[in-house]
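Colleague: A single structure is presented below for examination.
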Amino acid sequence: MKTIGLIGGMSWESSLEYYRTINKEMNRKLGGLHSAECLLYSVNFEEIERLQSAGQWQEAGEQLGRVAQKLEQAGADFIVICTNTMHKVVGQIEEKISIPVLHIADTTAAEIRSKDLVKVGLLGTSYTMEQDFYRSRIESHGIEVLVPPSEQRGEINRIIFEELVAGDLRQSSRETFQQAIRDLMAEGAEGIILGCTEIGLLIKPEDADVPVFDTAQIHAVAAVNEAWKNDQEKGVDTNE
């Protein structure tokens with residue numbers, strides 16, 4: 001089993017779901033008392049968010065790159081960045097290490113394509129919805145990406161940073177997301193990317209009339225598949 005290196009804390013609410021999903025999925029695959037071999041470095045989100053707000057992405061990338069180095073030195077075989085937005089600096093992180101990064105947009109796009117969908121809506125932070133680093137990665141897989149209009153993007157971003165990262169789940173905010181989903185569906189979206197790892201805490205499959213792609217869950221399961229891949233490919237029976 002490969003050792004998963006998790007860069008978490010952005011926010012710890014969603015990092016908790018990564019840890020839970022990774023271990024449950026590994027146990028589902030292997031049975032017994034099996035759990036995942038992983039290392040979690042949880043950063044101080046206040047520091048990262050301050051750099052985001054100031055547009056200091058170079059500094060943020062350097063900081064996460066140092067974290068990735070520590071995980072590699074501690075024995076991680078690959079890196080999982082437990083947030084969508086900070087994949088903006090994935091190139092800087094990759095430059096600091098010799099092990100691969102499992103990109104959240106690639107794993108999400110693969111899941112979308114497995115459902116034969118080619119046009120989806122994207123909900124996330126303003127950075128993720130408005131900048132090119134994430135949307136272009138999804139679109140490189142042959143998927144068209146739609147985003148809400150400016151006013152909805154602002155409210156979604158506010159909810160993420162003022163409520164969801166603190167575990168504050170409100171029905172009024174769920175309704176805001178549901179309206180955004182309906183509006184994207186009206187534009188032709190066949191599915192919805194929950195492109196912030198906290199959104200899945202609030203929005204569940206039953207909250208939409210099209211498939212929703214919870215990036216945190218998809219990414220976590222993909223990490224387990226990557227960690228277990230060598231034994232699976234060799235046909236090794238790891239069940240006790």
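Following the order of the structure tokens, chains are lettered A, B, ..., residues in each are numbered from 1, and ligands are numbered from 1.
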Write out as a ChimeraX atom specification the residues lying within 9 Å of A:Phe133, counting only C-alpha atoms and excluding same-chain residues fewer than 4 positions away.
Modeller: /A:85,87-89,127-128,137
Colleague: From a DSSP calculation on the backbone, collect every residue of stretch 19-240 of chain A in alpha helix (DSSP H) and output the set as a count of residues only.
Modeller: 123
Colleague: Can you pull out every residue within 6 Å of stretch 209-213 of chain A, counting only C-alpha atoms, but drop anything in the same chain fewer than 2 positions away, and send it as a PyMOL selection string?
Modeller: chain A and resi 191-194+205+215
Colleague: Where does stretch 76-143 of chain A meet stretch 199-203 of chain A within 12 Å, residue by residue, with the nearest atom pair and distance in Å to one decimal for each, counting only C-alpha atoms, listed by chain and rising number, as JSON lines?
Modeller:
```
{"residue": "A:Thr83", "atom": "CA", "partner": "A:Ile199", "partner_atom": "CA", "distance": 11.1}
{"residue": "A:Asn84", "atom": "CA", "partner": "A:Ile199", "partner_atom": "CA", "distance": 11.0}
{"residue": "A:Leu122", "atom": "CA", "partner": "A:Ile199", "partner_atom": "CA", "distance": 11.3}
{"residue": "A:Leu123", "atom": "CA", "partner": "A:Ile199", "partner_atom": "CA", "distance": 8.4}
{"residue": "A:Gly124", "atom": "CA", "partner": "A:Ile199", "partner_atom": "CA", "distance": 7.6}
{"residue": "A:Thr125", "atom": "CA", "partner": "A:Ile199", "partner_atom": "CA", "distance": 9.8}
```
Colleague: Please indicate the distance in Å from atom CA of A:Ile99 to atom CA of A:Ala60, rounded to one decimal place.
Modeller: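 Value for the atom CA of A:Ile99-atom CA of A:Ala60 distance: 19.7 Å.
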Colleague: So that I can see what lies close to A:Leu39, please list as a VMD selection string the residues with an atom at most 7 Å from it, counting only C-alpha atoms and leaving out residues fewer than 5 positions away in the same chain.
Modeller: chain A and resid 4 to 6 71 76
Colleague: Can you spit out the residues from that selection as a PDB file, in the first residue's frame, using N, CA and C atoms?
Modeller:
```pdb
ATOM      1  N   ILE A   4      -0.273   7.875   1.508  1.00  0.00           N
ATOM      2  CA  ILE A   4      -0.897   9.095   0.979  1.00  0.00           C
ATOM      3  C   ILE A   4      -0.433  10.287   1.813  1.00  0.00           C
ATOM      4  N   GLY A   5       0.053  11.322   1.149  1.00  0.00           N
ATOM      5  CA  GLY A   5       0.423  12.558   1.835  1.00  0.00           C
ATOM      6  C   GLY A   5      -0.647  13.606   1.636  1.00  0.00           C
ATOM      7  N   LEU A   6      -1.336  13.971   2.702  1.00  0.00           N
ATOM      8  CA  LEU A   6      -2.469  14.903   2.630  1.00  0.00           C
ATOM      9  C   LEU A   6      -2.052  16.294   3.101  1.00  0.00           C
ATOM     10  N   LEU A  71       6.120  16.209   3.774  1.00  0.00           N
ATOM     11  CA  LEU A  71       5.372  14.961   3.621  1.00  0.00           C
ATOM     12  C   LEU A  71       6.189  13.938   2.840  1.00  0.00           C
ATOM     13  N   ALA A  76       5.685   9.969   2.317  1.00  0.00           N
ATOM     14  CA  ALA A  76       4.533   9.965   1.403  1.00  0.00           C
ATOM     15  C   ALA A  76       4.965   9.548   0.006  1.00  0.00           C
TER      16      ALA A  76
END
```
Colleague: Mind checking which residues fall within 8 Å of A:Val221, counting only C-alpha atoms, ignoring those fewer than 2 positions away in the same chain, and posting them as a VMD selection string?
Modeller: chain A and resid 21 to 22 25 217 to 219 223 to 225
Colleague: Could you save those same residues with N, CA, C and O atoms as a CSV table (one decimal), in the first residue's frame?
Modeller:
```csv
chain,number,residue,atom,x,y,z
A,21,THR,N,-13.3,9.5,4.7
A,21,THR,CA,-13.6,8.8,3.4
A,21,THR,C,-12.5,7.9,3.0
A,21,THR,O,-12.7,6.7,2.6
A,22,ILE,N,-11.3,8.3,3.1
A,22,ILE,CA,-10.1,7.5,2.7
A,22,ILE,C,-10.0,6.3,3.6
A,22,ILE,O,-9.8,5.2,3.0
A,25,GLU,N,-13.1,3.9,2.7
A,25,GLU,CA,-13.0,3.3,1.4
A,25,GLU,C,-11.9,2.2,1.4
A,25,GLU,O,-12.1,1.2,0.8
A,217,GLN,N,-15.1,14.0,-2.0
A,217,GLN,CA,-15.4,12.5,-2.0
A,217,GLN,C,-14.7,11.9,-3.2
A,217,GLN,O,-14.0,10.8,-3.0
A,218,ILE,N,-14.8,12.5,-4.3
A,218,ILE,CA,-14.2,11.9,-5.5
A,218,ILE,C,-12.7,11.8,-5.4
A,218,ILE,O,-12.0,10.8,-5.7
A,219,HIS,N,-12.1,12.9,-4.9
A,219,HIS,CA,-10.6,13.0,-4.7
A,219,HIS,C,-10.2,12.0,-3.7
A,219,HIS,O,-9.1,11.3,-3.9
A,223,ALA,N,-7.7,8.8,-4.2
A,223,ALA,CA,-6.4,8.6,-3.5
A,223,ALA,C,-6.3,7.2,-3.0
A,223,ALA,O,-5.2,6.6,-3.0
A,224,VAL,N,-7.4,6.6,-2.6
A,224,VAL,CA,-7.4,5.2,-2.1
A,224,VAL,C,-7.0,4.3,-3.3
A,224,VAL,O,-6.2,3.4,-3.2
A,225,ASN,N,-7.7,4.5,-4.5
A,225,ASN,CA,-7.4,3.7,-5.6
A,225,ASN,C,-5.9,3.8,-6.0
A,225,ASN,O,-5.3,2.8,-6.4
```
Colleague: Select from stretch 164-206 of chain A everything DSSP, run on the backbone, classes as strand (DSSP E), then give the selection as a VMD selection string.
Modeller: chain A and resid 191 to 194
Colleague: So which residues touch A:Gln92 within 8 Å, counting only C-alpha atoms, skipping near sequence neighbours fewer than 2 positions away, as a list in words?
Modeller: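 Those residues are Gly61, Glu62, Gly65, Val89, Val90, Glu94, Glu95 and Lys96 of chain A.
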Colleague: Can you spit out the residues from that selection as a CSV table (one decimal), in the first residue's frame, using C-alpha atoms?
Modeller:
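Done, and the output landed in selection.csv:
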```csv
chain,number,residue,atom,x,y,z
A,61,GLY,CA,2.6,28.2,-3.3
A,62,GLU,CA,5.9,28.4,-1.6
A,65,GLY,CA,5.5,23.5,-1.4
A,89,VAL,CA,-0.4,26.7,-7.1
A,90,VAL,CA,0.0,23.0,-7.9
A,94,GLU,CA,5.2,19.9,-7.9
A,95,GLU,CA,8.5,21.8,-8.4
A,96,LYS,CA,9.4,21.2,-4.8
```
Colleague: How far is it from atom CA of A:Trp57 to atom CA of A:Met129, in Å with one decimal?
Modeller: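 Result for atom CA of A:Trp57 versus atom CA of A:Met129: 16.5 Å, one decimal.
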Colleague: Just checking: using only C-alpha atoms, which residue out of A:Glu187, A:Asp214, A:Glu162, A:Glu175 ends up closest to A:Glu144?
Modeller: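 For A:Glu144, the nearest of the given residues is A:Glu187.
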Colleague: Near A:Ser173, within 12 Å and counting only C-alpha atoms, which residues show up once chain neighbours fewer than 2 positions away are dropped, as a PyMOL selection string?
Modeller: chain A and resi 152+155-160+162-164+168-171+175-180+199+201-203
Colleague: Of the candidates A:Glu59, A:Asp207, A:Glu226, A:Glu17, which one gets nearest to A:Phe78 if we count only C-alpha atoms?
Modeller: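 Closest residue, counting only C-alpha atoms: A:Glu226.
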Colleague: Which distance in Å separates atom CA of A:Met185 and atom CA of A:Ala105, to one decimal?
Modeller: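 The value is 20.8 Å.
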